[in-house]
Every structure is written in C-alpha cells, then in structure tokens.
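J.: Here you go, this is final_6.cif (mmCIF, C-alpha atoms (C1' of nucleotides)).
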```cif
data_work
loop_
_atom_site.label_atom_id
_atom_site.label_comp_id
_atom_site.auth_asym_id
_atom_site.auth_seq_id
_atom_site.Cartn_x
_atom_site.Cartn_y
_atom_site.Cartn_z
CA MET Q 156 -148.54 44.32 100.56
CA GLN Q 157 -151.25 46.72 101.51
CA PHE Q 158 -152.20 49.93 99.81
CA GLY Q 159 -150.69 52.18 102.44
CA GLU Q 160 -147.35 50.41 102.48
CA ARG Q 161 -147.29 50.49 98.71
CA ILE Q 162 -147.79 54.22 98.33
CA LYS Q 163 -145.33 54.86 101.10
CA GLU Q 164 -142.76 52.79 99.27
CA LEU Q 165 -143.44 54.61 96.03
CA ARG Q 166 -143.36 57.99 97.71
CA GLU Q 167 -140.04 57.28 99.34
CA SER Q 168 -138.51 55.96 96.17
CA LYS Q 169 -139.43 59.25 94.54
CA GLU Q 170 -138.20 61.14 97.58
CA LEU Q 171 -141.40 63.02 98.07
CA LEU Q 172 -142.70 64.28 101.39
CA GLN Q 173 -146.11 63.44 102.77
CA ARG Q 174 -147.05 67.07 102.71
CA GLN Q 175 -146.35 67.30 99.01
CA LEU Q 176 -148.68 64.46 98.16
CA ALA Q 177 -151.18 65.72 100.70
CA ALA Q 178 -151.23 69.07 98.93
CA SER Q 179 -151.78 67.40 95.57
CA LEU Q 180 -154.66 65.40 96.99
CA GLU Q 181 -156.01 68.49 98.72
CA ILE Q 182 -156.06 66.90 102.14
CA ASP Q 183 -153.96 67.75 105.16
CA THR Q 184 -150.79 65.93 106.11
CA PRO Q 185 -152.24 64.01 109.05
CA MET Q 186 -154.90 62.65 106.76
CA TYR Q 187 -152.33 61.58 104.21
CA SER Q 188 -150.33 59.94 106.96
CA LYS Q 189 -153.41 57.95 107.87
CA LEU Q 190 -153.78 56.74 104.32
CA GLU Q 191 -150.26 55.36 104.37
CA ARG Q 192 -150.82 53.64 107.67
CA GLY Q 193 -154.14 52.24 106.55
CA GLU Q 194 -155.95 54.02 109.32
CA ARG Q 195 -158.16 55.71 106.78
CA ARG Q 196 -159.16 54.47 103.37
CA ALA Q 197 -158.34 56.47 100.27
CA LYS Q 198 -161.17 57.41 97.96
CA ARG Q 199 -161.13 55.83 94.55
CA GLU Q 200 -160.47 59.19 92.99
CA GLN Q 201 -157.45 59.66 95.24
CA VAL Q 202 -156.08 56.33 94.13
CA LEU Q 203 -156.20 57.50 90.54
CA LEU Q 204 -154.44 60.70 91.45
CA LEU Q 205 -151.81 58.88 93.44
CA ALA Q 206 -151.08 56.50 90.60
CA ASP Q 207 -150.46 59.50 88.44
CA LEU Q 208 -148.36 61.40 90.97
CA LEU Q 209 -146.28 58.36 91.81
CA ASP Q 210 -145.93 57.05 88.24
CA ALA Q 211 -147.50 53.81 89.33
CA ASP Q 212 -149.74 51.49 87.39
CA VAL Q 213 -153.32 52.50 88.09
CA HIS Q 214 -154.59 48.95 87.94
CA ASP Q 215 -151.99 47.71 90.36
CA LEU Q 216 -152.91 50.37 92.85
CA LEU Q 217 -156.62 49.90 92.37
CA THR Q 218 -156.20 46.18 92.82
CA ILE Q 219 -154.56 46.38 96.21
CA TRP Q 220 -156.82 49.21 97.24
CA LEU Q 221 -159.83 47.03 96.47
CA ALA Q 222 -158.21 43.98 98.01
CA ASP Q 223 -157.77 45.93 101.24
CA GLN Q 224 -161.46 46.60 101.37
CA VAL Q 225 -162.41 43.06 100.55
CA TYR Q 226 -160.06 41.72 103.15
CA ASP Q 227 -161.44 44.10 105.72
CA LEU Q 228 -164.91 42.88 104.99
CA VAL Q 229 -164.17 39.19 105.39
CA LYS Q 230 -161.21 38.98 107.71
CA ASP Q 231 -163.12 38.03 110.83
CA GLU Q 232 -165.35 35.49 109.17
CA GLU Q 233 -164.78 31.81 109.38
CA ASP Q 234 -166.38 31.41 105.97
CA ALA Q 235 -164.24 34.05 104.33
CA GLN Q 236 -162.55 31.78 101.85
CA LYS Q 237 -165.73 30.16 100.67
CA ALA Q 238 -167.39 33.53 100.33
CA LEU Q 239 -164.53 34.88 98.27
CA ARG Q 240 -164.75 31.93 95.93
CA VAL Q 241 -168.46 32.40 95.50
CA ALA Q 242 -167.96 36.09 94.79
CA GLU Q 243 -165.21 35.25 92.32
CA GLU Q 244 -167.47 32.91 90.43
CA ARG Q 245 -170.07 35.61 90.15
CA VAL Q 246 -167.55 38.06 88.81
CA THR Q 247 -166.35 35.49 86.32
CA TYR Q 248 -169.86 34.80 85.21
CA LYS Q 249 -170.62 38.48 84.87
CA THR Q 250 -167.50 39.03 82.81
CA GLN Q 251 -168.26 36.20 80.44
CA LYS Q 252 -171.75 37.43 79.81
CA LYS Q 253 -172.16 39.59 76.77
CA ARG Q 254 -173.89 42.83 77.44
CA MET I 267 -177.74 32.07 94.24
CA GLN I 268 -177.98 35.16 96.35
CA PHE I 269 -178.86 35.38 100.00
CA GLY I 270 -182.35 36.74 99.41
CA GLU I 271 -183.30 34.10 96.92
CA ARG I 272 -181.98 31.45 99.23
CA ILE I 273 -184.00 32.43 102.26
CA LYS I 274 -187.07 32.85 100.10
CA GLU I 275 -186.62 29.34 98.81
CA LEU I 276 -186.16 27.99 102.31
CA ARG I 277 -189.11 29.91 103.64
CA GLU I 278 -191.37 28.65 100.89
CA SER I 279 -190.26 25.09 101.34
CA LYS I 280 -191.28 25.37 104.96
CA GLU I 281 -194.47 27.12 103.98
CA LEU I 282 -193.86 30.08 106.17
CA LEU I 283 -195.15 33.57 105.51
CA GLN I 284 -192.94 36.64 105.37
CA ARG I 285 -194.78 38.11 108.30
CA GLN I 286 -193.96 35.12 110.46
CA LEU I 287 -190.26 35.41 109.85
CA ALA I 288 -190.47 39.16 110.13
CA ALA I 289 -192.01 38.79 113.55
CA SER I 290 -189.26 36.41 114.65
CA LEU I 291 -186.64 38.85 113.46
CA GLU I 292 -188.51 41.72 115.07
CA ILE I 293 -188.71 43.75 111.92
CA ASP I 294 -191.76 44.63 109.88
CA THR I 295 -192.92 42.70 106.87
CA PRO I 296 -191.87 45.23 104.26
CA MET I 297 -188.39 45.12 105.71
CA TYR I 298 -188.30 41.36 105.55
CA SER I 299 -189.48 41.49 101.99
CA LYS I 300 -186.57 43.74 101.20
CA LEU I 301 -184.15 41.24 102.64
CA GLU I 302 -185.47 38.57 100.31
CA ARG I 303 -185.21 40.84 97.34
CA GLY I 304 -181.73 41.96 98.26
CA GLU I 305 -182.86 45.55 98.50
CA ARG I 306 -181.61 45.67 102.08
CA ARG I 307 -178.83 43.68 103.63
CA ALA I 308 -179.52 41.47 106.61
CA LYS I 309 -177.47 41.98 109.72
CA ARG I 310 -175.14 39.18 110.67
CA GLU I 311 -177.22 38.48 113.72
CA GLN I 312 -180.32 38.13 111.55
CA VAL I 313 -178.54 35.59 109.38
CA LEU I 314 -177.89 33.46 112.43
CA LEU I 315 -181.50 33.70 113.47
CA LEU I 316 -182.71 32.87 109.99
CA ALA I 317 -180.50 29.81 109.78
CA ASP I 318 -182.08 28.63 112.96
CA LEU I 319 -185.64 29.44 111.96
CA LEU I 320 -185.25 27.86 108.55
CA ASP I 321 -183.26 24.84 109.67
CA ALA I 322 -180.51 25.84 107.33
CA ASP I 323 -176.80 25.43 107.69
CA VAL I 324 -175.44 28.58 109.33
CA HIS I 325 -172.20 28.47 107.39
CA ASP I 326 -173.95 28.11 104.07
CA LEU I 327 -176.09 31.11 104.79
CA LEU I 328 -173.22 33.16 106.14
CA THR I 329 -171.18 32.28 103.09
CA ILE I 330 -173.65 33.60 100.58
CA TRP I 331 -174.48 36.54 102.80
CA LEU I 332 -170.81 37.47 102.86
CA ALA I 333 -170.40 36.74 99.17
CA ASP I 334 -173.21 39.17 98.42
CA GLN I 335 -171.35 41.90 100.21
CA VAL I 336 -168.05 41.12 98.58
CA TYR I 337 -169.65 41.04 95.17
CA ASP I 338 -171.34 44.35 95.82
CA LEU I 339 -168.03 45.86 96.72
CA VAL I 340 -166.17 44.78 93.62
CA LYS I 341 -168.80 44.36 90.95
CA ASP I 342 -168.13 47.61 89.11
CA GLU I 343 -164.37 47.32 89.19
CA GLU I 344 -162.34 46.20 86.26
CA ASP I 345 -159.76 44.79 88.65
CA ALA I 346 -162.29 42.83 90.68
CA GLN I 347 -160.90 39.40 89.93
CA LYS I 348 -157.35 40.30 90.72
CA ALA I 349 -158.41 42.00 93.93
CA LEU I 350 -160.37 38.96 95.02
CA ARG I 351 -157.38 36.75 94.45
CA VAL I 352 -155.14 39.05 96.46
CA ALA I 353 -157.66 39.10 99.27
CA GLU I 354 -157.93 35.34 99.12
CA GLU I 355 -154.20 34.95 99.47
CA ARG I 356 -154.25 37.16 102.51
CA VAL I 357 -156.98 35.12 104.10
CA THR I 358 -155.09 31.95 103.33
CA TYR I 359 -151.96 33.35 104.85
CA LYS I 360 -153.80 34.50 107.93
CA THR I 361 -155.41 31.10 108.37
CA GLN I 362 -152.13 29.24 108.07
CA LYS I 363 -150.49 31.40 110.64
CA LYS I 364 -150.58 30.03 114.13
CA ARG I 365 -151.96 32.43 116.66
"C1'" DT U 124 -214.06 41.39 93.78
"C1'" DT U 125 -212.16 40.62 98.29
"C1'" DA U 126 -208.52 39.45 101.50
"C1'" DA U 127 -203.98 38.30 102.24
"C1'" DA U 128 -199.36 38.72 100.87
"C1'" DT U 129 -195.87 41.21 98.97
"C1'" DT U 130 -193.58 45.31 97.18
"C1'" DG U 131 -192.17 50.29 96.66
"C1'" DG U 132 -191.40 54.91 98.34
"C1'" DC U 133 -190.43 58.06 101.72
"C1'" DC U 134 -188.88 59.84 106.14
"C1'" DA U 135 -186.51 60.20 110.58
"C1'" DA U 136 -183.31 58.04 113.74
"C1'" DA U 137 -179.17 55.76 114.37
"C1'" DT U 138 -174.46 54.82 112.69
"C1'" DA U 139 -170.41 55.32 110.25
"C1'" DT U 140 -167.14 58.08 107.60
"C1'" DT U 141 -164.85 62.14 106.65
"C1'" DG U 142 -161.64 65.82 107.14
"C1'" DA U 143 -159.73 69.48 109.96
"C1'" DC U 144 -157.27 70.89 113.83
"C1'" DA U 145 -154.27 70.82 117.93
"C1'" DA U 146 -150.93 68.57 120.16
"C1'" DG U 147 -147.83 64.93 120.34
"C1'" DT U 148 -143.40 62.10 119.17
"C1'" DC U 149 -139.05 61.42 116.97
"C1'" DA U 150 -134.85 62.50 114.75
"C1'" DT U 151 -131.49 65.74 113.47
"C1'" DA U 152 -129.20 70.18 113.43
"C1'" DA U 153 -127.59 74.34 115.48
"C1'" DT A 13 -130.01 72.49 125.18
"C1'" DT A 14 -133.23 74.49 121.83
"C1'" DA A 15 -135.10 74.59 117.32
"C1'" DT A 16 -136.82 72.63 113.23
"C1'" DG A 17 -138.97 69.50 110.06
"C1'" DA A 18 -141.39 65.17 109.23
"C1'" DC A 19 -144.65 62.45 110.69
"C1'" DT A 20 -148.28 60.58 114.03
"C1'" DT A 21 -152.14 60.58 117.33
"C1'" DG A 22 -156.52 61.96 119.35
"C1'" DT A 23 -160.61 64.41 119.17
"C1'" DC A 24 -164.35 66.83 117.19
"C1'" DA A 25 -168.03 68.37 114.20
"C1'" DA A 26 -169.91 67.95 109.67
"C1'" DT A 27 -171.46 64.83 106.35
"C1'" DA A 28 -172.98 60.69 104.36
"C1'" DT A 29 -174.87 56.16 104.67
"C1'" DT A 30 -177.69 52.72 106.72
"C1'" DT A 31 -181.52 51.30 109.22
"C1'" DG A 32 -186.21 50.45 110.19
"C1'" DG A 33 -190.95 51.98 110.40
"C1'" DC A 34 -194.97 53.51 108.13
"C1'" DC A 35 -198.18 54.12 104.40
"C1'" DA A 36 -199.79 53.20 100.05
"C1'" DA A 37 -199.63 50.48 95.89
"C1'" DT A 38 -199.52 46.20 93.66
"C1'" DT A 39 -199.88 41.32 93.07
"C1'" DT A 40 -201.79 36.81 94.11
"C1'" DA A 41 -205.24 33.41 95.42
"C1'" DA A 42 -209.74 32.19 96.27
#
```
Written as structure tokens, that's how I'd like the structure from this file.
T.:
Amino acid sequence: MQFGERIKELRESKELLQRQLAASLEIDTPMYSKLERGERRAKREQVLLLADLLDADVHDLLTIWLADQVYDLVKDEEDAQKALRVAEERVTYKTQKKR
Amino acid sequence: MQFGERIKELRESKELLQRQLAASLEIDTPMYSKLERGERRAKREQVLLLADLLDADVHDLLTIWLADQVYDLVKDEEDAQKALRVAEERVTYKTQKKR
DNA sequence: TTAAATTGGCCAAATATTGACAAGTCATAA
DNA sequence: TTATGACTTGTCAATATTTGGCCAATTTAA
C-alpha cells in the first residue's frame, strides 16, 4: 500500500472530495490528485496535516510516506536489499546509542 | 562503514593520491576530497569507475553508496525502521515477481 | 620551514522540484 | 443532447537543490 492509495482510501471512507482536502492543504485540486496517484510527493508537513484531517495515525502515514521515498531511491538497483539492510543496521545502531 | 571511508581505505591501500583518482574521475581534487569525507555524494557512474580503479567489488561499493543515501533519507525520522522494513518488503515482492 | 596533500568556503551553472493553470476525460443528471 | 461536477493530464515558469570549479586555508611529511 502506497501513500497515495492510502490517503485516497481514507478520503473516500470519510466521503470527502479532493477539492476539500486540497483547500485544507492550500494546494489546487490537480496537485492533490497527483498526491493520491503518487505522481507528486507530499511534503512532510502535508502528511501531518492529512493525518489530522483524515483522523489517521500520523506514524502510519509517515511510515508509508517515507517507505515510498526509500523504495523510489532503491527500486532500480540490483543491490537494493543489501543496501536497505545496511541502512537498517545503521539506524538500529543510532537508536541504541545514548545521546 | 560509509562510502567515503571505504574508498579512502582502498585508495590508501593502493597508495594512490587523491589527485590521481580525481583526474581519473575528471573532477578536481577538492571535489574528490569531498567524496571521501561524505560532504558530496558520488554519482553512480563515478562509483562504477572507482570500483574499477580501486579493484573493488562493484556491488560492495554500490551497496554502501546506496545505503548512505537511504540512511540520509531516513535518519531524522522516528519511523525510519518501520519505513525501511516496508520498503524492504516491497523490494522483496518486486524481486519475486516474474517479469 | 617548505612542498605536497588535503580540506573548507563560496559562487555560478546545471538539474530537479514545485505549484499553478488550462484543457482534457469520465460519469451522471437534466 | 447538453450541462455539471469530480477528477486527471500536460505544460510552464518559479524556486530550490545539486554540482563542480576555483581559491584560500590548513594539515602533514620531510
């Protein structure tokens, strides 16, 4: 499930129109449409707003929003899986470290 | 181990100077120095060249080069780990699929 | 101290991203 | 059929980011 599909699903379940969400995000409807279709990427700030407007869990939305970007970055690489594991280890290490 | 550290290590083990590799990559020495320090990101094409020049395994270099980018993308996000796992699943799925 | 190697800072050129707009499709209603 | 509303598509200019070169500063080795 990608970010765009997810917000579309949420929007429809709340019976909202694209133009309503677009207005709340202060972008035009075509732009909002592109967010749902994954043609354009939402800004982080817009993700937060959308979570609020759609009564969705912010972390869930941020997670797939981020995952979209990560996937985009690695999708054409043969070494994608290895790279993701390396990155994951670094994140784990960083998290364990006390700061 | 990050990409920059790795190529520095390889370069030193072959007793090459930054300016020699810089010349091969057709960039200036300061720029090459930045690649080693991770201040600038190498282009994919430069990674391939470096693997060749340093007798290193292309996939190893590409892996850490990619991992650097992924890490950069997620490092400040609380949901980084979850996002990486989601992205990994997608890659796995994509790989399994016959095309 | 000198020379070579490396690093840091800054700027302009190239590239990519962004959002707005106009025009399009599609479905449904009158 | 025509009209209307929802959504999509394509294009453009403005903006932001990335890139590499240059110069100067710093570090290292002798």
J.: Write out as an mmCIF file with C-alpha atoms, in the coordinates of the input each polymer residue whose atoms come within 8 Å of Gly270 (chain I), counting all atoms listed in the file; drop sequence neighbours fewer than 4 positions from it.
T.:
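Okay, this is what ended up in around19.cif:
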```cif
data_model
loop_
_atom_site.group_PDB
_atom_site.id
_atom_site.type_symbol
_atom_site.label_atom_id
_atom_site.label_comp_id
_atom_site.auth_asym_id
_atom_site.auth_seq_id
_atom_site.Cartn_x
_atom_site.Cartn_y
_atom_site.Cartn_z
ATOM 1 C CA LYS I 274 -187.070 32.850 100.100
ATOM 2 C CA LEU I 301 -184.150 41.240 102.640
ATOM 3 C CA GLU I 302 -185.470 38.570 100.310
ATOM 4 C CA ARG I 303 -185.210 40.840 97.340
ATOM 5 C CA GLY I 304 -181.730 41.960 98.260
#
```
J.: Return as a ChimeraX atom specification the set of residues that the PyMOL selection byres ((chain A) within 12 of (chain Q)) yields on the displayed structure.
T.: /A:17-22
J.: Set out as JSON lines a contact list for chain Q and chain I with a cut-off of 12 Å, giving each residue of chain Q that qualifies its closest atom pair and distance in Å to one decimal, counting all atoms listed in the file, ordered by chain and rising residue number.
T.:
```
{"residue": "Q:Met156", "atom": "CA", "partner": "I:Arg356", "partner_atom": "CA", "distance": 9.4}
{"residue": "Q:Gln157", "atom": "CA", "partner": "I:Val352", "partner_atom": "CA", "distance": 10.0}
{"residue": "Q:Phe158", "atom": "CA", "partner": "I:Ala349", "partner_atom": "CA", "distance": 11.7}
{"residue": "Q:Arg199", "atom": "CA", "partner": "I:Glu343", "partner_atom": "CA", "distance": 10.6}
{"residue": "Q:Val213", "atom": "CA", "partner": "I:Asp345", "partner_atom": "CA", "distance": 10.1}
{"residue": "Q:His214", "atom": "CA", "partner": "I:Asp345", "partner_atom": "CA", "distance": 6.7}
{"residue": "Q:Asp215", "atom": "CA", "partner": "I:Asp345", "partner_atom": "CA", "distance": 8.5}
{"residue": "Q:Leu216", "atom": "CA", "partner": "I:Asp345", "partner_atom": "CA", "distance": 9.8}
{"residue": "Q:Leu217", "atom": "CA", "partner": "I:Asp345", "partner_atom": "CA", "distance": 7.1}
{"residue": "Q:Thr218", "atom": "CA", "partner": "I:Ala349", "partner_atom": "CA", "distance": 4.9}
{"residue": "Q:Ile219", "atom": "CA", "partner": "I:Ala349", "partner_atom": "CA", "distance": 6.3}
{"residue": "Q:Trp220", "atom": "CA", "partner": "I:Ala349", "partner_atom": "CA", "distance": 8.1}
{"residue": "Q:Leu221", "atom": "CA", "partner": "I:Ala349", "partner_atom": "CA", "distance": 5.8}
{"residue": "Q:Ala222", "atom": "CA", "partner": "I:Ala349", "partner_atom": "CA", "distance": 4.5}
{"residue": "Q:Asp223", "atom": "CA", "partner": "I:Ala353", "partner_atom": "CA", "distance": 7.1}
{"residue": "Q:Gln224", "atom": "CA", "partner": "I:Leu339", "partner_atom": "CA", "distance": 8.1}
{"residue": "Q:Val225", "atom": "CA", "partner": "I:Val336", "partner_atom": "CA", "distance": 6.3}
{"residue": "Q:Tyr226", "atom": "CA", "partner": "I:Ala353", "partner_atom": "CA", "distance": 5.3}
{"residue": "Q:Asp227", "atom": "CA", "partner": "I:Ala353", "partner_atom": "CA", "distance": 9.0}
{"residue": "Q:Leu228", "atom": "CA", "partner": "I:Val336", "partner_atom": "CA", "distance": 7.4}
{"residue": "Q:Val229", "atom": "CA", "partner": "I:Leu332", "partner_atom": "CA", "distance": 7.3}
{"residue": "Q:Lys230", "atom": "CA", "partner": "I:Val357", "partner_atom": "CA", "distance": 6.8}
{"residue": "Q:Asp231", "atom": "CA", "partner": "I:Val357", "partner_atom": "CA", "distance": 9.6}
{"residue": "Q:Glu232", "atom": "CA", "partner": "I:Leu332", "partner_atom": "CA", "distance": 8.6}
{"residue": "Q:Glu233", "atom": "CA", "partner": "I:His325", "partner_atom": "CA", "distance": 8.4}
{"residue": "Q:Asp234", "atom": "CA", "partner": "I:Thr329", "partner_atom": "CA", "distance": 5.7}
{"residue": "Q:Ala235", "atom": "CA", "partner": "I:Thr329", "partner_atom": "CA", "distance": 7.3}
{"residue": "Q:Gln236", "atom": "CA", "partner": "I:Glu354", "partner_atom": "CA", "distance": 6.4}
{"residue": "Q:Lys237", "atom": "CA", "partner": "I:Thr329", "partner_atom": "CA", "distance": 6.3}
{"residue": "Q:Ala238", "atom": "CA", "partner": "I:Ala333", "partner_atom": "CA", "distance": 4.6}
{"residue": "Q:Leu239", "atom": "CA", "partner": "I:Ala333", "partner_atom": "CA", "distance": 6.2}
{"residue": "Q:Arg240", "atom": "CA", "partner": "I:Ala333", "partner_atom": "CA", "distance": 8.1}
{"residue": "Q:Val241", "atom": "CA", "partner": "I:Ala333", "partner_atom": "CA", "distance": 6.0}
{"residue": "Q:Ala242", "atom": "CA", "partner": "I:Ala333", "partner_atom": "CA", "distance": 5.1}
{"residue": "Q:Glu243", "atom": "CA", "partner": "I:Gln347", "partner_atom": "CA", "distance": 6.4}
{"residue": "Q:Glu244", "atom": "CA", "partner": "I:Gln347", "partner_atom": "CA", "distance": 9.2}
{"residue": "Q:Arg245", "atom": "CA", "partner": "I:Tyr337", "partner_atom": "CA", "distance": 7.4}
{"residue": "Q:Val246", "atom": "CA", "partner": "I:Lys341", "partner_atom": "CA", "distance": 6.8}
{"residue": "Q:Thr247", "atom": "CA", "partner": "I:Gln347", "partner_atom": "CA", "distance": 7.6}
{"residue": "Q:Tyr248", "atom": "CA", "partner": "I:Gln347", "partner_atom": "CA", "distance": 11.1}
{"residue": "Q:Lys249", "atom": "CA", "partner": "I:Lys341", "partner_atom": "CA", "distance": 8.7}
{"residue": "Q:Thr250", "atom": "CA", "partner": "I:Glu344", "partner_atom": "CA", "distance": 9.5}
```
J.: Taking all atoms listed in the file into account, find every residue of chain U that has an atom no more than 12 Å from chain I, and write it out as a ChimeraX atom specification.
T.: /U:127-132
J.: Got a sec to align chain Q on chain I by every in-order Cα pair and hand back the fitted coordinates as a short mmCIF file (atom, residue, chain, number, x, y, z; two decimals) with C-alpha atoms, in the coordinates of the input?
T.:
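Wrote it out as superposed32.cif, contents follow:
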```cif
data_model
loop_
_atom_site.label_atom_id
_atom_site.label_comp_id
_atom_site.auth_asym_id
_atom_site.auth_seq_id
_atom_site.Cartn_x
_atom_site.Cartn_y
_atom_site.Cartn_z
CA MET Q 156 -177.75 32.10 94.23
CA GLN Q 157 -177.99 35.17 96.36
CA PHE Q 158 -178.89 35.39 100.00
CA GLY Q 159 -182.36 36.76 99.42
CA GLU Q 160 -183.32 34.12 96.89
CA ARG Q 161 -181.98 31.46 99.21
CA ILE Q 162 -184.02 32.43 102.24
CA LYS Q 163 -187.07 32.88 100.09
CA GLU Q 164 -186.63 29.37 98.77
CA LEU Q 165 -186.18 28.00 102.27
CA ARG Q 166 -189.13 29.94 103.59
CA GLU Q 167 -191.40 28.68 100.86
CA SER Q 168 -190.28 25.11 101.27
CA LYS Q 169 -191.28 25.39 104.91
CA GLU Q 170 -194.49 27.15 103.93
CA LEU Q 171 -193.89 30.10 106.16
CA LEU Q 172 -195.17 33.60 105.53
CA GLN Q 173 -192.95 36.65 105.39
CA ARG Q 174 -194.76 38.12 108.33
CA GLN Q 175 -193.96 35.12 110.46
CA LEU Q 176 -190.25 35.40 109.86
CA ALA Q 177 -190.46 39.16 110.15
CA ALA Q 178 -192.00 38.77 113.59
CA SER Q 179 -189.26 36.38 114.66
CA LEU Q 180 -186.62 38.82 113.48
CA GLU Q 181 -188.49 41.69 115.11
CA ILE Q 182 -188.69 43.73 111.95
CA ASP Q 183 -191.74 44.64 109.93
CA THR Q 184 -192.91 42.74 106.88
CA PRO Q 185 -191.81 45.30 104.30
CA MET Q 186 -188.33 45.16 105.74
CA TYR Q 187 -188.29 41.39 105.56
CA SER Q 188 -189.51 41.57 101.99
CA LYS Q 189 -186.56 43.79 101.21
CA LEU Q 190 -184.16 41.26 102.64
CA GLU Q 191 -185.50 38.60 100.32
CA ARG Q 192 -185.25 40.87 97.33
CA GLY Q 193 -181.76 41.97 98.27
CA GLU Q 194 -182.85 45.56 98.53
CA ARG Q 195 -181.61 45.68 102.08
CA ARG Q 196 -178.85 43.66 103.65
CA ALA Q 197 -179.53 41.42 106.62
CA LYS Q 198 -177.48 41.94 109.74
CA ARG Q 199 -175.15 39.14 110.68
CA GLU Q 200 -177.23 38.42 113.74
CA GLN Q 201 -180.33 38.08 111.57
CA VAL Q 202 -178.55 35.58 109.38
CA LEU Q 203 -177.89 33.43 112.42
CA LEU Q 204 -181.51 33.66 113.45
CA LEU Q 205 -182.72 32.84 109.98
CA ALA Q 206 -180.51 29.79 109.75
CA ASP Q 207 -182.10 28.59 112.93
CA LEU Q 208 -185.67 29.41 111.94
CA LEU Q 209 -185.28 27.86 108.52
CA ASP Q 210 -183.27 24.81 109.63
CA ALA Q 211 -180.51 25.84 107.29
CA ASP Q 212 -176.79 25.42 107.68
CA VAL Q 213 -175.45 28.56 109.31
CA HIS Q 214 -172.20 28.45 107.39
CA ASP Q 215 -173.95 28.10 104.08
CA LEU Q 216 -176.09 31.10 104.78
CA LEU Q 217 -173.23 33.15 106.14
CA THR Q 218 -171.17 32.28 103.10
CA ILE Q 219 -173.64 33.60 100.57
CA TRP Q 220 -174.49 36.52 102.79
CA LEU Q 221 -170.82 37.48 102.86
CA ALA Q 222 -170.39 36.73 99.18
CA ASP Q 223 -173.20 39.16 98.43
CA GLN Q 224 -171.35 41.90 100.21
CA VAL Q 225 -168.06 41.10 98.58
CA TYR Q 226 -169.65 41.02 95.18
CA ASP Q 227 -171.34 44.32 95.82
CA LEU Q 228 -168.03 45.85 96.71
CA VAL Q 229 -166.18 44.73 93.60
CA LYS Q 230 -168.81 44.32 90.93
CA ASP Q 231 -168.14 47.55 89.10
CA GLU Q 232 -164.39 47.27 89.16
CA GLU Q 233 -162.36 46.15 86.24
CA ASP Q 234 -159.78 44.74 88.62
CA ALA Q 235 -162.29 42.79 90.66
CA GLN Q 236 -160.91 39.37 89.93
CA LYS Q 237 -157.34 40.29 90.71
CA ALA Q 238 -158.41 41.98 93.90
CA LEU Q 239 -160.36 38.95 95.02
CA ARG Q 240 -157.36 36.74 94.44
CA VAL Q 241 -155.14 39.04 96.43
CA ALA Q 242 -157.66 39.11 99.26
CA GLU Q 243 -157.92 35.33 99.13
CA GLU Q 244 -154.19 34.95 99.48
CA ARG Q 245 -154.23 37.16 102.53
CA VAL Q 246 -156.97 35.12 104.11
CA THR Q 247 -155.07 31.95 103.36
CA TYR Q 248 -151.95 33.36 104.87
CA LYS Q 249 -153.80 34.53 107.94
CA THR Q 250 -155.37 31.13 108.40
CA GLN Q 251 -152.09 29.29 108.13
CA LYS Q 252 -150.45 31.49 110.69
CA LYS Q 253 -150.48 30.16 114.20
CA ARG Q 254 -151.81 32.58 116.72
#
```
J.: Could you give me, as a list in words, the residues within 12 Å of DG142 (chain U), counting all atoms listed in the file and dropping anything in the same chain fewer than 2 positions from it?
T.: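 Listing them by chain and then by number gives Glu181, Ile182, Asp183, Thr184, Pro185, Met186, Tyr187, Lys189 and Arg195 of chain Q; DT140 and DC144 of chain U; DC24, DA25, DA26 and DT27 of chain A.
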J.: Specify the axis-aligned box that encloses all atoms of region 182-195 of chain Q listed in the file after padding of 8 Å on each side, stating its centre and edge lengths in Å to one decimal as lines of an AutoDock Vina configuration file.
T.:
```
center_x = -154.2
center_y = 60.0
center_z = 105.7
size_x = 23.9
size_y = 31.5
size_z = 23.2
```
J.: Between CA of Glu305 (chain I) and C1' of DT30 (chain A), what is the spacing in Å?
T.: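 So the two atoms, C1' of DT30 (chain A) and CA of Glu305 (chain I), lie 12.1 Å apart.
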J.: Mind giving me the straight-line distance from CA of Ser290 (chain I) to C1' of DA36 (chain A) in Å, one decimal?
T.: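 A separation of 24.6 Å between them.
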J.: Run the PyMOL selection byres ((chain U and resi 134) around 12) on the file and write out the hits as a list in words.
T.: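 Applied to this file, the PyMOL selection byres ((chain U and resi 134) around 12) selects DG132, DC133, DA135 and DA136 of chain U; DT31, DG32, DG33, DC34 and DC35 of chain A.
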J.: So that I have them on file, write out the residues from the current selection with C-alpha atoms (C1' of nucleotides), as a tab-separated table (two decimals), in the frame of the given file.
T.:
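Below is the file out-v9.tsv, written as the result:
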```tsv
chain	number	residue	atom	x	y	z
U	132	DG	C1'	-191.40	54.91	98.34
U	133	DC	C1'	-190.43	58.06	101.72
U	135	DA	C1'	-186.51	60.20	110.58
U	136	DA	C1'	-183.31	58.04	113.74
A	31	DT	C1'	-181.52	51.30	109.22
A	32	DG	C1'	-186.21	50.45	110.19
A	33	DG	C1'	-190.95	51.98	110.40
A	34	DC	C1'	-194.97	53.51	108.13
A	35	DC	C1'	-198.18	54.12	104.40
```
J.: Quick one, how far is CA of Lys280 (chain I) from CA of Ala322 (chain I)?
T.: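 It comes out at 11.0 Å.
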J.: For this file, the PyMOL selection byres ((chain U and resi 139) around 10) selects which residues, as a ChimeraX atom specification?
T.: /U:137-138,140-141 /A:28-30
